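Q: One structure follows; several queries about it will come next.
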Amino acid sequence: MENFSKLFLFSFFAVFFIFSSPCKADGCVCGSNTCSSIQLFCPDDGATSFSFSDPESPSHFCWCKVDNAKSYIFKITFTYYYMETSDVYVVHESPIEDNEVFILPYFNIFAGNTLYEWQVAPCFGEGSTNCGDSCGTTTHYTLCADFSPKRSFTTEELELVAPELISPGSSPSSLPIVNTLDSLIWQRSWWAGSFIYEIKDKDANILVSSGATTSFPLSLKRIWPSLSPNNTYSWKIKNCLYEDSDNCGPFSSEWKFKTTGAVPTLSSPPDNSEDKMLPVKLDWQDVPGAASYNYKLSYGHTSFTGKTLSSEVTLSYPQIKTLETYQWEVRSCADKEGSLCGNWSSDREFTTAKLGAPSEPNPSDGGLLYTYNQSLSWKKVPGANFYQYKIDSYEGTTIIDETIVSSNFIIIPFSELGEYSWFVQACLDKECEEDIGDTAGWTFTYDEPTPPAQFGIVPCDRDSDNPDTPWNERDSCEIKHIFITAKTILDFVMWRAVPMALVVLVITTFIKSYFLMDPASIKPLWKTAGEGYLIIFLAWTTITFILKIFGISEEWWILPF
């Protein structure tokens, strides 16, 4: 019985020790206790654990926690065994705070069917990253530890399949037309590091461009110099594992596209058009896929070329002039810069007309222009950029000499009423030295509207003149008009307001005398009114008398101050 009890206790402690070991793994997760040094658990050493079949399914790496560790350095390496000197390459290294890490296949850092090794080093300092190989050098040995022993795993065989093409698409009913802004696009494999493409002339089945690229998608601008405008091509592509275009999969199927650059069909103006008024609009039919157009104009021994992004362009001075014959042609281009273009169209010809004469004057010929308006206008002349006008009096005296404006109306600073004649001609340039149109001439009478019955207090800037005053109410307001206004106000007070006040005063006197029978209260009222009127009268008379002594006119308020 005693031996049986000893055997039972020995077995119990043995089982307890095994299951309560501080580094016992529970699957890929350590138990509740931690270890004094790193122990790696998953994946199993030597396992083929990294799968490429599902790019979004991660591979799991885990280890037991280490006492007082703040973080870990996780590192994966592989060795070029076939080289004379075996060199170890780090393919993945990063600081990890937890005791596990998940790596997705689409990170594209692993090759297929390759042996990799991984290891972990604990860091004990806050923010420490120089652990493992650097421990004791750049990081104090109390804050780090060496790497754990290595474990290995092998990736699955990686097989590249033929990519699916996306654009430019190939359709039995329509052929995509492309320019340099387009790209070759395909379904890229997660594992592809580079690509090989081939482009053939579809009709001659001749390889015109091929090569390796790491670019995705592949811009057609890169290979456009190998292509011809308005031609059909086929293209295909294959994926390669590495950037050196080695270890490639099969080619995709072939799709077709057509390059832009067809010869434009000109629309307007029609060939041999005459008397085209400026501006002239050149128009042609859209070319499918065109990114821009070149247009060329020629006259005599001179020609110039321009660029536009649309299938039309409007030309005016100084690009073209009047009374000239021009030949024009257009070509479509594959780029917005207008440098990769197709053939020129056949040319057309048009002749520009002379600038017309202004018409529809306002006021009409022989009409009235009132002082409240003071503006002359006319109908715009097609193609004109400037106008030159001149205004004479009816006797032929020049009032406003030749003046150039950019609008079809003018403001005239007239003050003298009477009859005038005026002349206008259209110009292209601001000096009116070339391409001048015919001159149009008209007459008008500058008059004022019927003067109003009452002019008010302000004696200036009126539409009409008051013939009863020695000054002209149509004049612009100046300093002298302040004195005229003061005189007008005093006249109103002395000869209109005061008589009205006297009438009111007489009525008030009568009422007080009749009802109150108190003559003593009426006398101060008349005295105050008389003194006020006398002060105003004497002040005005005195100022006028003093100025007259110094030789100034009695009507000093209208002198030009």
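Quick note on naming: the chains in the structure tokens go A, B, ... in the order shown, residues restart at 1 in each chain, and ligands are numbered from 1 in order of appearance.
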Within 12 Å of Thr232 (chain A), counting only C-alpha atoms, which residues qualify if same-chain residues fewer than 3 places away don't, as a short mmCIF file (atom, residue, chain, number, x, y, z; two decimals) with N, CA, C and O atoms, in the first residue's frame?

A:
```cif
data_model
loop_
_atom_site.label_atom_id
_atom_site.label_comp_id
_atom_site.auth_asym_id
_atom_site.auth_seq_id
_atom_site.Cartn_x
_atom_site.Cartn_y
_atom_site.Cartn_z
N SER A 170 -11.78 44.31 -77.24
CA SER A 170 -11.97 43.86 -78.63
C SER A 170 -13.39 43.38 -78.78
O SER A 170 -13.84 42.49 -78.07
N LEU A 175 -14.48 48.44 -83.12
CA LEU A 175 -13.05 48.37 -82.82
C LEU A 175 -12.69 49.61 -82.01
O LEU A 175 -12.93 50.74 -82.45
N PRO A 176 -12.13 49.46 -80.81
CA PRO A 176 -11.77 50.64 -80.02
C PRO A 176 -10.67 51.45 -80.69
O PRO A 176 -9.69 50.91 -81.18
N ILE A 177 -10.87 52.77 -80.71
CA ILE A 177 -9.90 53.69 -81.30
C ILE A 177 -9.22 54.43 -80.15
O ILE A 177 -9.87 55.02 -79.30
N VAL A 178 -7.88 54.39 -80.12
CA VAL A 178 -7.12 54.85 -78.97
C VAL A 178 -6.19 56.00 -79.33
O VAL A 178 -5.88 56.23 -80.51
N ILE A 199 3.00 43.63 -79.59
CA ILE A 199 2.02 44.34 -80.41
C ILE A 199 2.37 44.08 -81.86
O ILE A 199 3.51 44.29 -82.29
N LYS A 200 1.36 43.64 -82.61
CA LYS A 200 1.58 43.30 -84.02
C LYS A 200 0.67 44.12 -84.91
O LYS A 200 -0.44 44.48 -84.53
N ASP A 201 1.19 44.41 -86.12
CA ASP A 201 0.35 44.99 -87.16
C ASP A 201 -0.65 43.92 -87.59
O ASP A 201 -0.26 42.86 -88.08
N LYS A 202 -1.92 44.18 -87.39
CA LYS A 202 -2.92 43.13 -87.59
C LYS A 202 -2.99 42.68 -89.04
O LYS A 202 -3.16 41.49 -89.33
N ASP A 203 -2.85 43.60 -89.97
CA ASP A 203 -2.98 43.24 -91.39
C ASP A 203 -1.76 42.48 -91.89
O ASP A 203 -1.87 41.46 -92.57
N ALA A 204 -0.56 42.96 -91.52
CA ALA A 204 0.67 42.33 -92.01
C ALA A 204 1.19 41.27 -91.05
O ALA A 204 2.13 40.55 -91.38
N ASN A 205 0.59 41.16 -89.86
CA ASN A 205 1.02 40.21 -88.84
C ASN A 205 2.52 40.36 -88.54
O ASN A 205 3.25 39.39 -88.39
N ILE A 206 2.97 41.62 -88.48
CA ILE A 206 4.38 41.92 -88.22
C ILE A 206 4.49 42.48 -86.81
O ILE A 206 3.72 43.36 -86.41
N VAL A 208 5.56 44.86 -84.27
CA VAL A 208 6.01 46.25 -84.35
C VAL A 208 6.56 46.75 -83.02
O VAL A 208 7.32 47.73 -82.97
N LEU A 227 4.03 52.89 -83.52
CA LEU A 227 2.75 52.68 -84.18
C LEU A 227 2.53 53.71 -85.28
O LEU A 227 3.16 54.77 -85.31
N SER A 228 1.63 53.40 -86.18
CA SER A 228 1.26 54.31 -87.26
C SER A 228 -0.14 54.83 -87.02
O SER A 228 -0.99 54.12 -86.45
N PRO A 229 -0.44 56.07 -87.44
CA PRO A 229 -1.79 56.59 -87.24
C PRO A 229 -2.81 55.86 -88.12
O PRO A 229 -2.49 55.37 -89.21
N TRP A 235 -2.74 42.96 -79.67
CA TRP A 235 -1.82 42.98 -78.53
C TRP A 235 -2.11 41.82 -77.59
O TRP A 235 -3.24 41.33 -77.50
N TRP A 255 -6.15 40.76 -78.36
CA TRP A 255 -7.23 41.73 -78.60
C TRP A 255 -6.74 42.75 -79.62
O TRP A 255 -5.54 42.89 -79.87
N LYS A 256 -7.70 43.49 -80.20
CA LYS A 256 -7.37 44.44 -81.25
C LYS A 256 -7.74 45.87 -80.82
O LYS A 256 -8.67 46.08 -80.05
N PHE A 257 -7.00 46.82 -81.37
CA PHE A 257 -7.36 48.23 -81.24
C PHE A 257 -6.90 48.95 -82.50
O PHE A 257 -6.09 48.44 -83.28
N LYS A 258 -7.43 50.16 -82.68
CA LYS A 258 -7.06 50.98 -83.83
C LYS A 258 -6.55 52.32 -83.33
O LYS A 258 -7.14 52.92 -82.42
N THR A 259 -5.47 52.80 -83.92
CA THR A 259 -4.91 54.09 -83.51
C THR A 259 -5.68 55.22 -84.19
O THR A 259 -6.16 55.09 -85.32
N THR A 260 -5.81 56.33 -83.47
CA THR A 260 -6.43 57.50 -84.07
C THR A 260 -5.48 58.13 -85.07
O THR A 260 -4.32 57.74 -85.17
N GLY A 261 -5.96 59.15 -85.78
CA GLY A 261 -5.10 59.81 -86.77
C GLY A 261 -5.68 59.80 -88.16
O GLY A 261 -4.98 60.09 -89.13
N ALA A 262 -7.00 59.52 -88.29
CA ALA A 262 -7.63 59.54 -89.60
C ALA A 262 -7.64 60.97 -90.15
O ALA A 262 -7.59 61.95 -89.40
#
```

Q: Name the residues in contact with Val263 (chain A) at a cut-off of 6 Å, using only C-alpha atoms, excluding same-chain residues fewer than 2 positions from it; report them as a PyMOL selection string.

A: chain A and resi 331+343+345

Q: Work out how far apart CA of Ser94 (chain A) and CA of Thr213 (chain A) are and give it in Å to one decimal.

A: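 That distance, rounded to one decimal, is 29.9 Å.
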
Q: Compile the contact shell of region 131-134 of chain A as a PyMOL selection string: residues with an atom at most 12 Å away, counting only C-alpha atoms, same-chain residues fewer than 5 positions apart removed.

A: chain A and resi 38+69-75+93-96+119-126+139-149

Q: For region 236-239 of chain A, work out the shell of residues within 12 Å, counting only C-alpha atoms and skipping chain neighbours fewer than 5 positions away, then give it as a short mmCIF file (atom, residue, chain, number, x, y, z; two decimals) with N, CA, C and O atoms, in the first residue's frame.

A:
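File produced: out_3.cif:
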```cif
data_model
loop_
_atom_site.label_atom_id
_atom_site.label_comp_id
_atom_site.auth_asym_id
_atom_site.auth_seq_id
_atom_site.Cartn_x
_atom_site.Cartn_y
_atom_site.Cartn_z
N GLU A 159 2.23 29.18 -59.65
CA GLU A 159 2.01 29.02 -61.09
C GLU A 159 1.27 30.23 -61.62
O GLU A 159 0.20 30.60 -61.14
N LEU A 160 1.87 30.90 -62.62
CA LEU A 160 1.23 32.05 -63.24
C LEU A 160 0.34 31.59 -64.39
O LEU A 160 0.75 30.77 -65.21
N VAL A 161 -0.86 32.17 -64.45
CA VAL A 161 -1.80 31.83 -65.53
C VAL A 161 -1.84 32.98 -66.51
O VAL A 161 -1.36 34.08 -66.24
N ALA A 162 -2.40 32.72 -67.66
CA ALA A 162 -2.54 33.76 -68.69
C ALA A 162 -3.47 34.86 -68.17
O ALA A 162 -4.57 34.57 -67.68
N PRO A 163 -3.07 36.13 -68.24
CA PRO A 163 -3.92 37.21 -67.71
C PRO A 163 -5.15 37.44 -68.59
O PRO A 163 -5.13 37.18 -69.80
N GLU A 164 -6.21 37.95 -67.98
CA GLU A 164 -7.40 38.35 -68.71
C GLU A 164 -7.26 39.81 -69.10
O GLU A 164 -6.97 40.67 -68.27
N LEU A 165 -7.48 40.12 -70.39
CA LEU A 165 -7.36 41.50 -70.88
C LEU A 165 -8.62 42.29 -70.52
O LEU A 165 -9.73 41.75 -70.49
N ILE A 166 -8.43 43.59 -70.28
CA ILE A 166 -9.54 44.46 -69.87
C ILE A 166 -9.77 45.59 -70.88
O ILE A 166 -10.89 45.82 -71.34
N SER A 167 -8.70 46.31 -71.26
CA SER A 167 -8.87 47.47 -72.14
C SER A 167 -7.55 47.77 -72.84
O SER A 167 -6.48 47.55 -72.25
N PRO A 168 -7.60 48.27 -74.07
CA PRO A 168 -8.79 48.51 -74.89
C PRO A 168 -9.42 47.20 -75.35
O PRO A 168 -8.71 46.29 -75.80
N GLY A 169 -10.75 47.12 -75.23
CA GLY A 169 -11.45 45.87 -75.50
C GLY A 169 -11.59 45.58 -76.97
O GLY A 169 -11.52 46.46 -77.82
N SER A 170 -11.78 44.31 -77.24
CA SER A 170 -11.97 43.86 -78.63
C SER A 170 -13.39 43.38 -78.78
O SER A 170 -13.84 42.49 -78.07
N LEU A 184 -2.89 50.08 -71.98
CA LEU A 184 -3.19 48.66 -72.02
C LEU A 184 -3.43 48.19 -70.59
O LEU A 184 -2.57 48.35 -69.72
N ILE A 185 -4.59 47.63 -70.34
CA ILE A 185 -4.97 47.22 -68.98
C ILE A 185 -5.37 45.74 -69.02
O ILE A 185 -6.10 45.31 -69.93
N TRP A 186 -4.91 44.99 -68.02
CA TRP A 186 -5.22 43.57 -67.93
C TRP A 186 -5.41 43.20 -66.47
O TRP A 186 -5.15 44.00 -65.56
N GLN A 187 -5.90 41.99 -66.24
CA GLN A 187 -6.09 41.50 -64.87
C GLN A 187 -4.73 41.07 -64.33
O GLN A 187 -4.22 40.01 -64.67
N ARG A 188 -4.17 41.89 -63.47
CA ARG A 188 -2.82 41.65 -62.98
C ARG A 188 -2.82 40.55 -61.93
O ARG A 188 -3.68 40.50 -61.06
N SER A 189 -1.83 39.63 -62.03
CA SER A 189 -1.66 38.61 -61.00
C SER A 189 -1.00 39.23 -59.77
O SER A 189 -0.17 40.14 -59.87
N TRP A 190 -1.40 38.72 -58.58
CA TRP A 190 -0.80 39.22 -57.35
C TRP A 190 0.72 39.03 -57.34
O TRP A 190 1.45 39.80 -56.73
N TRP A 191 1.19 38.01 -58.00
CA TRP A 191 2.60 37.62 -57.85
C TRP A 191 3.49 38.18 -58.94
O TRP A 191 4.70 38.00 -58.89
N ALA A 192 2.89 38.85 -59.90
CA ALA A 192 3.69 39.30 -61.05
C ALA A 192 4.58 40.48 -60.65
O ALA A 192 4.11 41.46 -60.07
N GLY A 193 5.86 40.37 -60.95
CA GLY A 193 6.80 41.46 -60.71
C GLY A 193 7.09 42.24 -61.98
O GLY A 193 7.59 43.36 -61.92
N SER A 194 6.80 41.66 -63.15
CA SER A 194 7.00 42.34 -64.43
C SER A 194 6.11 41.67 -65.47
O SER A 194 5.43 40.67 -65.19
N PHE A 195 6.14 42.24 -66.68
CA PHE A 195 5.24 41.78 -67.74
C PHE A 195 5.96 41.86 -69.08
O PHE A 195 6.85 42.70 -69.27
N ILE A 196 5.58 40.98 -69.98
CA ILE A 196 6.10 41.01 -71.35
C ILE A 196 4.91 41.21 -72.28
O ILE A 196 3.89 40.52 -72.18
N TYR A 197 5.04 42.19 -73.18
CA TYR A 197 3.95 42.49 -74.11
C TYR A 197 4.44 42.36 -75.56
O TYR A 197 5.64 42.48 -75.84
N GLU A 198 3.49 42.14 -76.45
CA GLU A 198 3.76 42.09 -77.89
C GLU A 198 2.63 42.80 -78.62
O GLU A 198 1.45 42.59 -78.30
N ILE A 199 3.00 43.63 -79.59
CA ILE A 199 2.02 44.34 -80.41
C ILE A 199 2.37 44.08 -81.86
O ILE A 199 3.51 44.29 -82.29
N LYS A 200 1.36 43.64 -82.61
CA LYS A 200 1.58 43.30 -84.02
C LYS A 200 0.67 44.12 -84.91
O LYS A 200 -0.44 44.48 -84.53
N LEU A 207 5.46 41.98 -86.05
CA LEU A 207 5.69 42.47 -84.71
C LEU A 207 6.27 43.89 -84.80
O LEU A 207 7.34 44.09 -85.37
N SER A 209 6.19 46.09 -81.92
CA SER A 209 6.69 46.53 -80.62
C SER A 209 6.57 45.38 -79.62
O SER A 209 5.57 44.67 -79.60
N SER A 210 7.59 45.19 -78.83
CA SER A 210 7.57 44.17 -77.77
C SER A 210 8.58 44.57 -76.72
O SER A 210 9.48 45.37 -76.97
N GLY A 211 8.43 44.04 -75.53
CA GLY A 211 9.38 44.37 -74.48
C GLY A 211 8.87 43.97 -73.13
O GLY A 211 7.77 43.43 -72.98
N ALA A 212 9.70 44.21 -72.13
CA ALA A 212 9.35 43.91 -70.75
C ALA A 212 9.11 45.22 -70.02
O ALA A 212 9.73 46.24 -70.31
N THR A 213 8.20 45.19 -69.07
CA THR A 213 7.88 46.38 -68.31
C THR A 213 7.45 46.00 -66.90
O THR A 213 6.92 44.91 -66.68
N THR A 214 7.70 46.88 -65.98
CA THR A 214 7.17 46.73 -64.62
C THR A 214 5.99 47.66 -64.39
O THR A 214 5.42 47.68 -63.30
N SER A 215 5.65 48.45 -65.42
CA SER A 215 4.55 49.40 -65.29
C SER A 215 3.21 48.70 -65.45
O SER A 215 3.05 47.81 -66.29
N PHE A 216 2.26 49.14 -64.65
CA PHE A 216 0.89 48.64 -64.78
C PHE A 216 -0.06 49.78 -64.40
O PHE A 216 0.06 50.36 -63.32
N PRO A 217 -1.00 50.15 -65.28
CA PRO A 217 -1.13 49.67 -66.66
C PRO A 217 -0.03 50.25 -67.55
O PRO A 217 0.73 51.11 -67.11
N LEU A 218 0.02 49.80 -68.78
CA LEU A 218 1.06 50.23 -69.72
C LEU A 218 0.51 51.34 -70.60
O LEU A 218 -0.41 51.12 -71.40
N ASP A 244 13.09 41.01 -63.38
CA ASP A 244 13.98 40.80 -64.52
C ASP A 244 13.30 40.02 -65.64
O ASP A 244 13.95 39.50 -66.55
N SER A 245 11.96 39.91 -65.56
CA SER A 245 11.14 39.26 -66.60
C SER A 245 11.53 37.80 -66.79
O SER A 245 11.51 37.27 -67.92
N ASP A 246 11.89 37.13 -65.71
CA ASP A 246 12.20 35.71 -65.75
C ASP A 246 11.04 34.93 -65.14
O ASP A 246 10.25 35.47 -64.35
N ASN A 247 10.95 33.65 -65.53
CA ASN A 247 9.91 32.78 -64.98
C ASN A 247 8.52 33.36 -65.25
O ASN A 247 7.83 33.85 -64.36
N CYS A 248 8.13 33.33 -66.51
CA CYS A 248 6.87 33.95 -66.94
C CYS A 248 5.81 32.89 -67.23
O CYS A 248 6.11 31.73 -67.51
N GLY A 249 4.57 33.33 -67.17
CA GLY A 249 3.45 32.47 -67.51
C GLY A 249 3.14 32.55 -69.00
O GLY A 249 3.86 33.17 -69.78
N PRO A 250 2.03 31.95 -69.40
CA PRO A 250 1.66 31.97 -70.82
C PRO A 250 1.09 33.33 -71.24
O PRO A 250 0.64 34.12 -70.40
N PHE A 251 1.10 33.60 -72.54
CA PHE A 251 0.52 34.82 -73.08
C PHE A 251 -1.00 34.79 -72.95
O PHE A 251 -1.63 33.73 -72.95
N SER A 252 -1.57 35.96 -72.87
CA SER A 252 -3.02 36.10 -72.88
C SER A 252 -3.55 35.89 -74.30
O SER A 252 -2.77 35.71 -75.25
N SER A 253 -4.84 35.94 -74.47
CA SER A 253 -5.42 35.95 -75.81
C SER A 253 -5.12 37.29 -76.47
O SER A 253 -4.69 38.24 -75.82
N GLU A 254 -5.33 37.39 -77.78
CA GLU A 254 -5.05 38.62 -78.51
C GLU A 254 -6.31 39.47 -78.64
O GLU A 254 -7.38 38.96 -78.95
N TRP A 255 -6.15 40.76 -78.36
CA TRP A 255 -7.23 41.73 -78.60
C TRP A 255 -6.74 42.75 -79.62
O TRP A 255 -5.54 42.89 -79.87
N LYS A 256 -7.70 43.49 -80.20
CA LYS A 256 -7.37 44.44 -81.25
C LYS A 256 -7.74 45.87 -80.82
O LYS A 256 -8.67 46.08 -80.05
N PHE A 257 -7.00 46.82 -81.37
CA PHE A 257 -7.36 48.23 -81.24
C PHE A 257 -6.90 48.95 -82.50
O PHE A 257 -6.09 48.44 -83.28
#
```

Q: Neighbouring residues of region 335-337 of chain A were defined as those with any atom within 8 Å, considering only C-alpha atoms; residues of the same chain fewer than 6 positions away were excluded. Please report them as a ChimeraX atom specification.

A: /A:179-181,290-292,309

Q: DSSP on the backbone: what in region 292-377 of chain A comes out strand (DSSP E), as a PyMOL selection string?

A: chain A and resi 292-299+302-308+312-315+325-333+348-352+359-362+367-370+375-377

Q: Go ahead and dump the residues you just picked, N, CA and C atoms, as a CSV table (one decimal), in the first residue's frame.

A:
```csv
chain,number,residue,atom,x,y,z
A,292,SER,N,-6.3,66.0,-80.1
A,292,SER,CA,-6.1,67.4,-80.5
A,292,SER,C,-6.1,67.5,-82.1
A,293,TYR,N,-6.0,68.7,-82.6
A,293,TYR,CA,-5.9,68.9,-84.1
A,293,TYR,C,-4.9,70.0,-84.4
A,294,ASN,N,-4.2,69.8,-85.5
A,294,ASN,CA,-3.4,70.9,-86.1
A,294,ASN,C,-4.2,71.5,-87.2
A,295,TYR,N,-4.1,72.8,-87.4
A,295,TYR,CA,-4.7,73.5,-88.5
A,295,TYR,C,-3.6,74.3,-89.1
A,296,LYS,N,-3.6,74.5,-90.4
A,296,LYS,CA,-2.5,75.3,-91.1
A,296,LYS,C,-3.2,76.2,-92.1
A,297,LEU,N,-2.8,77.5,-92.1
A,297,LEU,CA,-3.3,78.5,-93.0
A,297,LEU,C,-2.1,79.0,-93.8
A,298,SER,N,-2.3,79.2,-95.1
A,298,SER,CA,-1.3,79.7,-96.0
A,298,SER,C,-1.9,80.9,-96.8
A,299,TYR,N,-1.1,81.9,-97.0
A,299,TYR,CA,-1.5,83.0,-98.0
A,299,TYR,C,-0.2,83.6,-98.6
A,302,THR,N,3.4,83.0,-97.0
A,302,THR,CA,3.4,83.0,-95.6
A,302,THR,C,2.4,81.9,-95.1
A,303,SER,N,2.8,81.2,-94.1
A,303,SER,CA,1.9,80.1,-93.5
A,303,SER,C,2.1,80.1,-92.0
A,304,PHE,N,1.1,79.6,-91.3
A,304,PHE,CA,1.3,79.4,-89.8
A,304,PHE,C,0.4,78.2,-89.4
A,305,THR,N,0.8,77.5,-88.4
A,305,THR,CA,0.1,76.3,-87.9
A,305,THR,C,-0.3,76.6,-86.4
A,306,GLY,N,-1.5,76.1,-86.1
A,306,GLY,CA,-2.1,76.3,-84.8
A,306,GLY,C,-2.6,74.9,-84.3
A,307,LYS,N,-2.9,74.9,-83.0
A,307,LYS,CA,-3.4,73.7,-82.4
A,307,LYS,C,-4.7,74.0,-81.7
A,308,THR,N,-5.7,73.0,-81.7
A,308,THR,CA,-6.9,73.2,-81.0
A,308,THR,C,-7.4,71.8,-80.4
A,312,GLU,N,-13.1,72.6,-84.2
A,312,GLU,CA,-13.4,73.9,-84.8
A,312,GLU,C,-12.4,74.9,-84.2
A,313,VAL,N,-12.3,76.0,-85.0
A,313,VAL,CA,-11.4,77.1,-84.5
A,313,VAL,C,-11.9,78.4,-85.1
A,314,THR,N,-12.0,79.5,-84.4
A,314,THR,CA,-12.4,80.8,-84.9
A,314,THR,C,-11.2,81.7,-85.0
A,315,LEU,N,-11.0,82.3,-86.2
A,315,LEU,CA,-9.8,83.1,-86.4
A,315,LEU,C,-10.3,84.5,-86.7
A,325,THR,N,-6.7,86.0,-99.5
A,325,THR,CA,-7.1,84.6,-99.9
A,325,THR,C,-6.3,83.6,-99.1
A,326,TYR,N,-6.9,82.7,-98.4
A,326,TYR,CA,-6.3,81.8,-97.5
A,326,TYR,C,-6.6,80.3,-98.0
A,327,GLN,N,-5.5,79.5,-97.9
A,327,GLN,CA,-5.7,78.0,-98.0
A,327,GLN,C,-5.6,77.4,-96.6
A,328,TRP,N,-6.4,76.4,-96.3
A,328,TRP,CA,-6.4,75.8,-94.9
A,328,TRP,C,-6.5,74.3,-95.0
A,329,GLU,N,-5.9,73.6,-94.1
A,329,GLU,CA,-6.0,72.2,-94.0
A,329,GLU,C,-5.9,71.8,-92.5
A,330,VAL,N,-6.3,70.5,-92.2
A,330,VAL,CA,-6.3,70.1,-90.8
A,330,VAL,C,-5.8,68.6,-90.8
A,331,ARG,N,-5.2,68.3,-89.6
A,331,ARG,CA,-4.9,66.9,-89.3
A,331,ARG,C,-5.2,66.6,-87.9
A,332,SER,N,-5.5,65.3,-87.6
A,332,SER,CA,-5.8,64.9,-86.2
A,332,SER,C,-4.6,64.3,-85.6
A,333,CYS,N,-4.5,64.5,-84.2
A,333,CYS,CA,-3.3,64.1,-83.4
A,333,CYS,C,-3.7,63.2,-82.3
A,348,ARG,N,-8.5,73.7,-98.6
A,348,ARG,CA,-9.6,74.4,-99.1
A,348,ARG,C,-9.2,75.9,-99.1
A,349,GLU,N,-10.0,76.7,-99.8
A,349,GLU,CA,-9.6,78.1,-100.0
A,349,GLU,C,-10.8,79.0,-99.6
A,350,PHE,N,-10.5,80.2,-99.0
A,350,PHE,CA,-11.6,81.2,-98.8
A,350,PHE,C,-10.9,82.6,-98.9
A,351,THR,N,-11.7,83.6,-99.2
A,351,THR,CA,-11.3,85.0,-99.3
A,351,THR,C,-12.0,85.9,-98.3
A,352,THR,N,-11.3,86.7,-97.5
A,352,THR,CA,-11.9,87.5,-96.5
A,352,THR,C,-12.4,88.8,-97.2
A,359,SER,N,-23.4,101.4,-89.3
A,359,SER,CA,-24.8,101.7,-89.7
A,359,SER,C,-25.7,101.8,-88.5
A,360,GLU,N,-27.0,102.2,-88.7
A,360,GLU,CA,-28.0,102.3,-87.7
A,360,GLU,C,-27.5,103.2,-86.6
A,361,PRO,N,-27.3,104.5,-86.9
A,361,PRO,CA,-26.8,105.5,-85.9
A,361,PRO,C,-27.9,105.8,-84.9
A,362,ASN,N,-27.5,106.2,-83.7
A,362,ASN,CA,-28.5,106.6,-82.7
A,362,ASN,C,-27.9,107.9,-82.0
A,367,GLY,N,-31.4,113.5,-86.6
A,367,GLY,CA,-32.3,113.5,-85.5
A,367,GLY,C,-31.8,114.4,-84.3
A,368,LEU,N,-32.6,114.3,-83.3
A,368,LEU,CA,-32.3,115.2,-82.1
A,368,LEU,C,-31.5,114.4,-81.0
A,369,LEU,N,-30.5,115.1,-80.4
A,369,LEU,CA,-29.8,114.5,-79.3
A,369,LEU,C,-30.0,115.5,-78.1
A,370,TYR,N,-30.7,115.1,-77.1
A,370,TYR,CA,-31.0,116.0,-76.0
A,370,TYR,C,-29.9,116.0,-75.0
A,375,SER,N,-25.0,110.8,-75.6
A,375,SER,CA,-24.3,109.6,-76.1
A,375,SER,C,-24.7,109.3,-77.5
A,376,LEU,N,-23.7,108.9,-78.3
A,376,LEU,CA,-23.9,108.5,-79.7
A,376,LEU,C,-23.5,107.1,-79.8
A,377,SER,N,-24.3,106.3,-80.6
A,377,SER,CA,-23.9,104.9,-80.8
A,377,SER,C,-24.3,104.5,-82.2
```

Q: Looking only at alpha helix (DSSP H) from DSSP on the backbone, list the matching residues of region 110-310 of chain A as a PyMOL selection string.

A: chain A and resi 220-223

Q: Write out the residues from the selection above, keeping all heavy atoms, as an mmCIF file, in the first residue's frame.

A:
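Below is the file again.cif, written as the result:
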```
data_model
loop_
_atom_site.group_PDB
_atom_site.id
_atom_site.type_symbol
_atom_site.label_atom_id
_atom_site.label_comp_id
_atom_site.auth_asym_id
_atom_site.auth_seq_id
_atom_site.Cartn_x
_atom_site.Cartn_y
_atom_site.Cartn_z
ATOM 1 N N LEU A 220 -0.021 53.806 -73.568
ATOM 2 C CA LEU A 220 0.260 53.718 -74.996
ATOM 3 C C LEU A 220 1.197 54.819 -75.468
ATOM 4 O O LEU A 220 1.798 54.702 -76.542
ATOM 5 C CB LEU A 220 -1.050 53.778 -75.783
ATOM 6 C CG LEU A 220 -1.876 52.486 -75.780
ATOM 7 C CD1 LEU A 220 -3.219 52.709 -76.453
ATOM 8 C CD2 LEU A 220 -1.120 51.363 -76.480
ATOM 9 N N LYS A 221 1.326 55.893 -74.687
ATOM 10 C CA LYS A 221 2.250 56.960 -75.063
ATOM 11 C C LYS A 221 3.680 56.441 -75.132
ATOM 12 O O LYS A 221 4.489 56.928 -75.925
ATOM 13 C CB LYS A 221 2.145 58.112 -74.075
ATOM 14 C CG LYS A 221 2.941 59.336 -74.459
ATOM 15 C CD LYS A 221 2.681 60.499 -73.519
ATOM 16 C CE LYS A 221 3.408 61.745 -73.991
ATOM 17 N NZ LYS A 221 3.126 62.908 -73.104
ATOM 18 N N ARG A 222 3.987 55.438 -74.314
ATOM 19 C CA ARG A 222 5.342 54.879 -74.272
ATOM 20 C C ARG A 222 5.700 54.167 -75.566
ATOM 21 O O ARG A 222 6.857 54.205 -75.998
ATOM 22 C CB ARG A 222 5.445 53.931 -73.081
ATOM 23 C CG ARG A 222 6.711 53.127 -73.008
ATOM 24 C CD ARG A 222 6.744 52.266 -71.770
ATOM 25 N NE ARG A 222 7.862 51.338 -71.772
ATOM 26 C CZ ARG A 222 8.142 50.506 -70.791
ATOM 27 N NH1 ARG A 222 7.369 50.487 -69.711
ATOM 28 N NH2 ARG A 222 9.179 49.689 -70.857
ATOM 29 N N ILE A 223 4.744 53.518 -76.184
ATOM 30 C CA ILE A 223 5.050 52.721 -77.373
ATOM 31 C C ILE A 223 4.495 53.360 -78.639
ATOM 32 O O ILE A 223 4.605 52.767 -79.721
ATOM 33 C CB ILE A 223 4.471 51.291 -77.221
ATOM 34 C CG1 ILE A 223 2.953 51.350 -76.988
ATOM 35 C CG2 ILE A 223 5.148 50.564 -76.082
ATOM 36 C CD1 ILE A 223 2.301 49.988 -76.880
#
```
